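To start, the structure itself, in structure tokens.
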Amino acid sequence: MAVTGVGKGYDYQAQAGKPQTKGNGSFYESLAAVSDMTTKELMQEISNRKNEIYEKAKKGELEESFQIGGQSFTIKEWNKLLSSFDSAQDKLKALLEEKLEQQKKAEYEAKMREDEES
């Protein structure tokens, strides 16, 4: 079956069976699980999820989420990400300072040897 409006040689091929899992598989696994459910079961799952979200909202357990690029973060997740980035940056800075100290020490020792030889 060809899809209209696509360029020459780009035909849509109808795929039979379940979708293949790729990457971490969470989306595709969910899609495969949903494909085996009836409409009634799907509607019940949606209703259950809506009720769960409603209950969390009533209890004040929901966190606001912000879209940043292709990802969405809650404030807690964003702070955790920044914290891990900051710690990695601090480690890198410490390593660079240590390497600079070693380089200065080596240059000083080389200069001292030159002075002794002169």
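Every chain in the structure tokens has a letter given in the order shown (A, B, ...), and although residue numbers restart at 1 in each chain, ligands are simply numbered from 1 in the order shown.
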Write out as a PDB file with N, CA and C atoms, in the first residue's frame the set of residues from segment 48-107 of chain A that DSSP, computed on the backbone, places in alpha helix (DSSP H).
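The resulting file, selection.pdb, is shown below:
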ATOM      1  N   ASN A  48      -8.627   4.997  35.242  1.00  0.00           N
ATOM      2  CA  ASN A  48      -7.823   4.742  36.445  1.00  0.00           C
ATOM      3  C   ASN A  48      -6.682   5.757  36.567  1.00  0.00           C
ATOM      4  N   ARG A  49      -6.026   6.031  35.466  1.00  0.00           N
ATOM      5  CA  ARG A  49      -4.902   6.985  35.477  1.00  0.00           C
ATOM      6  C   ARG A  49      -5.398   8.392  35.809  1.00  0.00           C
ATOM      7  N   LYS A  50      -6.537   8.783  35.240  1.00  0.00           N
ATOM      8  CA  LYS A  50      -7.104  10.097  35.538  1.00  0.00           C
ATOM      9  C   LYS A  50      -7.449  10.212  37.018  1.00  0.00           C
ATOM     10  N   ASN A  51      -8.036   9.163  37.580  1.00  0.00           N
ATOM     11  CA  ASN A  51      -8.380   9.172  38.997  1.00  0.00           C
ATOM     12  C   ASN A  51      -7.128   9.262  39.870  1.00  0.00           C
ATOM     13  N   GLU A  52      -6.090   8.546  39.466  1.00  0.00           N
ATOM     14  CA  GLU A  52      -4.825   8.577  40.208  1.00  0.00           C
ATOM     15  C   GLU A  52      -4.243   9.992  40.216  1.00  0.00           C
ATOM     16  N   ILE A  53      -4.239  10.645  39.068  1.00  0.00           N
ATOM     17  CA  ILE A  53      -3.729  12.012  38.965  1.00  0.00           C
ATOM     18  C   ILE A  53      -4.596  12.964  39.780  1.00  0.00           C
ATOM     19  N   TYR A  54      -5.909  12.783  39.727  1.00  0.00           N
ATOM     20  CA  TYR A  54      -6.828  13.626  40.483  1.00  0.00           C
ATOM     21  C   TYR A  54      -6.566  13.508  41.988  1.00  0.00           C
ATOM     22  N   GLU A  55      -6.381  12.277  42.468  1.00  0.00           N
ATOM     23  CA  GLU A  55      -6.121  12.064  43.889  1.00  0.00           C
ATOM     24  C   GLU A  55      -4.798  12.711  44.309  1.00  0.00           C
ATOM     25  N   LYS A  56      -3.772  12.597  43.472  1.00  0.00           N
ATOM     26  CA  LYS A  56      -2.489  13.223  43.773  1.00  0.00           C
ATOM     27  C   LYS A  56      -2.629  14.742  43.818  1.00  0.00           C
ATOM     28  N   ALA A  57      -3.423  15.285  42.904  1.00  0.00           N
ATOM     29  CA  ALA A  57      -3.635  16.731  42.874  1.00  0.00           C
ATOM     30  C   ALA A  57      -4.360  17.191  44.131  1.00  0.00           C
ATOM     31  N   LYS A  58      -5.360  16.422  44.585  1.00  0.00           N
ATOM     32  CA  LYS A  58      -6.096  16.768  45.795  1.00  0.00           C
ATOM     33  C   LYS A  58      -5.180  16.774  47.021  1.00  0.00           C
ATOM     34  N   LYS A  59      -4.229  15.833  47.056  1.00  0.00           N
ATOM     35  CA  LYS A  59      -3.317  15.718  48.196  1.00  0.00           C
ATOM     36  C   LYS A  59      -2.123  16.665  48.079  1.00  0.00           C
ATOM     37  N   ILE A  75      10.893  20.466  39.214  1.00  0.00           N
ATOM     38  CA  ILE A  75      11.932  21.257  39.871  1.00  0.00           C
ATOM     39  C   ILE A  75      12.900  20.337  40.609  1.00  0.00           C
ATOM     40  N   LYS A  76      12.373  19.303  41.245  1.00  0.00           N
ATOM     41  CA  LYS A  76      13.215  18.344  41.964  1.00  0.00           C
ATOM     42  C   LYS A  76      14.189  17.637  41.006  1.00  0.00           C
ATOM     43  N   GLU A  77      13.687  17.182  39.853  1.00  0.00           N
ATOM     44  CA  GLU A  77      14.541  16.509  38.867  1.00  0.00           C
ATOM     45  C   GLU A  77      15.584  17.472  38.306  1.00  0.00           C
ATOM     46  N   TRP A  78      15.165  18.725  38.047  1.00  0.00           N
ATOM     47  CA  TRP A  78      16.082  19.722  37.491  1.00  0.00           C
ATOM     48  C   TRP A  78      17.207  20.019  38.484  1.00  0.00           C
ATOM     49  N   ASN A  79      16.865  20.194  39.763  1.00  0.00           N
ATOM     50  CA  ASN A  79      17.889  20.454  40.780  1.00  0.00           C
ATOM     51  C   ASN A  79      18.852  19.284  40.917  1.00  0.00           C
ATOM     52  N   LYS A  80      18.335  18.067  40.812  1.00  0.00           N
ATOM     53  CA  LYS A  80      19.201  16.882  40.878  1.00  0.00           C
ATOM     54  C   LYS A  80      20.164  16.871  39.685  1.00  0.00           C
ATOM     55  N   LEU A  81      19.649  17.195  38.494  1.00  0.00           N
ATOM     56  CA  LEU A  81      20.486  17.238  37.300  1.00  0.00           C
ATOM     57  C   LEU A  81      21.571  18.302  37.446  1.00  0.00           C
ATOM     58  N   LEU A  82      21.185  19.493  37.904  1.00  0.00           N
ATOM     59  CA  LEU A  82      22.164  20.564  38.085  1.00  0.00           C
ATOM     60  C   LEU A  82      23.206  20.198  39.132  1.00  0.00           C
ATOM     61  N   SER A  83      22.765  19.548  40.188  1.00  0.00           N
ATOM     62  CA  SER A  83      23.682  19.120  41.250  1.00  0.00           C
ATOM     63  C   SER A  83      24.719  18.141  40.714  1.00  0.00           C
ATOM     64  N   SER A  84      24.273  17.165  39.940  1.00  0.00           N
ATOM     65  CA  SER A  84      25.221  16.184  39.390  1.00  0.00           C
ATOM     66  C   SER A  84      26.166  16.853  38.389  1.00  0.00           C
ATOM     67  N   PHE A  85      25.652  17.813  37.625  1.00  0.00           N
ATOM     68  CA  PHE A  85      26.496  18.538  36.674  1.00  0.00           C
ATOM     69  C   PHE A  85      27.527  19.363  37.424  1.00  0.00           C
ATOM     70  N   ASP A  86      27.087  20.063  38.487  1.00  0.00           N
ATOM     71  CA  ASP A  86      27.998  20.891  39.271  1.00  0.00           C
ATOM     72  C   ASP A  86      29.104  20.059  39.920  1.00  0.00           C
ATOM     73  N   SER A  87      28.745  18.893  40.448  1.00  0.00           N
ATOM     74  CA  SER A  87      29.762  18.051  41.088  1.00  0.00           C
ATOM     75  C   SER A  87      30.770  17.545  40.057  1.00  0.00           C
ATOM     76  N   ALA A  88      30.300  17.191  38.881  1.00  0.00           N
ATOM     77  CA  ALA A  88      31.218  16.747  37.822  1.00  0.00           C
ATOM     78  C   ALA A  88      32.123  17.896  37.393  1.00  0.00           C
ATOM     79  N   GLN A  89      31.560  19.091  37.321  1.00  0.00           N
ATOM     80  CA  GLN A  89      32.350  20.259  36.935  1.00  0.00           C
ATOM     81  C   GLN A  89      33.396  20.581  38.017  1.00  0.00           C
ATOM     82  N   ASP A  90      33.033  20.450  39.278  1.00  0.00           N
ATOM     83  CA  ASP A  90      33.980  20.694  40.373  1.00  0.00           C
ATOM     84  C   ASP A  90      35.129  19.689  40.336  1.00  0.00           C
ATOM     85  N   LYS A  91      34.818  18.422  40.062  1.00  0.00           N
ATOM     86  CA  LYS A  91      35.862  17.399  39.967  1.00  0.00           C
ATOM     87  C   LYS A  91      36.821  17.719  38.826  1.00  0.00           C
ATOM     88  N   LEU A  92      36.274  18.139  37.691  1.00  0.00           N
ATOM     89  CA  LEU A  92      37.101  18.484  36.543  1.00  0.00           C
ATOM     90  C   LEU A  92      37.994  19.677  36.870  1.00  0.00           C
ATOM     91  N   LYS A  93      37.431  20.670  37.536  1.00  0.00           N
ATOM     92  CA  LYS A  93      38.211  21.852  37.913  1.00  0.00           C
ATOM     93  C   LYS A  93      39.360  21.463  38.843  1.00  0.00           C
ATOM     94  N   ALA A  94      39.093  20.586  39.814  1.00  0.00           N
ATOM     95  CA  ALA A  94      40.135  20.137  40.737  1.00  0.00           C
ATOM     96  C   ALA A  94      41.244  19.395  39.996  1.00  0.00           C
ATOM     97  N   LEU A  95      40.863  18.547  39.053  1.00  0.00           N
ATOM     98  CA  LEU A  95      41.870  17.819  38.268  1.00  0.00           C
ATOM     99  C   LEU A  95      42.728  18.767  37.444  1.00  0.00           C
ATOM    100  N   LEU A  96      42.087  19.766  36.850  1.00  0.00           N
ATOM    101  CA  LEU A  96      42.840  20.731  36.038  1.00  0.00           C
ATOM    102  C   LEU A  96      43.792  21.546  36.903  1.00  0.00           C
ATOM    103  N   GLU A  97      43.339  21.955  38.088  1.00  0.00           N
ATOM    104  CA  GLU A  97      44.215  22.704  39.000  1.00  0.00           C
ATOM    105  C   GLU A  97      45.405  21.859  39.432  1.00  0.00           C
ATOM    106  N   GLU A  98      45.153  20.593  39.724  1.00  0.00           N
ATOM    107  CA  GLU A  98      46.234  19.684  40.129  1.00  0.00           C
ATOM    108  C   GLU A  98      47.249  19.524  39.003  1.00  0.00           C
ATOM    109  N   LYS A  99      46.732  19.367  37.787  1.00  0.00           N
ATOM    110  CA  LYS A  99      47.627  19.201  36.636  1.00  0.00           C
ATOM    111  C   LYS A  99      48.440  20.477  36.410  1.00  0.00           C
ATOM    112  N   LEU A 100      47.817  21.630  36.589  1.00  0.00           N
ATOM    113  CA  LEU A 100      48.527  22.902  36.429  1.00  0.00           C
ATOM    114  C   LEU A 100      49.624  23.045  37.478  1.00  0.00           C
ATOM    115  N   GLU A 101      49.342  22.657  38.715  1.00  0.00           N
ATOM    116  CA  GLU A 101      50.346  22.702  39.779  1.00  0.00           C
ATOM    117  C   GLU A 101      51.532  21.786  39.445  1.00  0.00           C
ATOM    118  N   GLN A 102      51.229  20.587  38.951  1.00  0.00           N
ATOM    119  CA  GLN A 102      52.297  19.651  38.581  1.00  0.00           C
ATOM    120  C   GLN A 102      53.151  20.228  37.449  1.00  0.00           C
ATOM    121  N   GLN A 103      52.480  20.868  36.485  1.00  0.00           N
ATOM    122  CA  GLN A 103      53.209  21.455  35.360  1.00  0.00           C
ATOM    123  C   GLN A 103      54.106  22.597  35.839  1.00  0.00           C
ATOM    124  N   LYS A 104      53.584  23.450  36.740  1.00  0.00           N
ATOM    125  CA  LYS A 104      54.392  24.551  37.276  1.00  0.00           C
ATOM    126  C   LYS A 104      55.579  24.009  38.066  1.00  0.00           C
ATOM    127  N   LYS A 105      55.349  22.961  38.831  1.00  0.00           N
ATOM    128  CA  LYS A 105      56.421  22.356  39.627  1.00  0.00           C
ATOM    129  C   LYS A 105      57.497  21.788  38.706  1.00  0.00           C
ATOM    130  N   ALA A 106      57.079  21.115  37.636  1.00  0.00           N
ATOM    131  CA  ALA A 106      58.037  20.546  36.687  1.00  0.00           C
ATOM    132  C   ALA A 106      58.829  21.654  36.000  1.00  0.00           C
ATOM    133  N   GLU A 107      58.173  22.767  35.632  1.00  0.00           N
ATOM    134  CA  GLU A 107      58.880  23.887  35.004  1.00  0.00           C
ATOM    135  C   GLU A 107      59.876  24.517  35.980  1.00  0.00           C
TER     136      GLU A 107
END
Q) So how far away is atom CA of Ile46 of chain A from atom CA of Ser30 of chain A, in Å? A) 13.3 Å
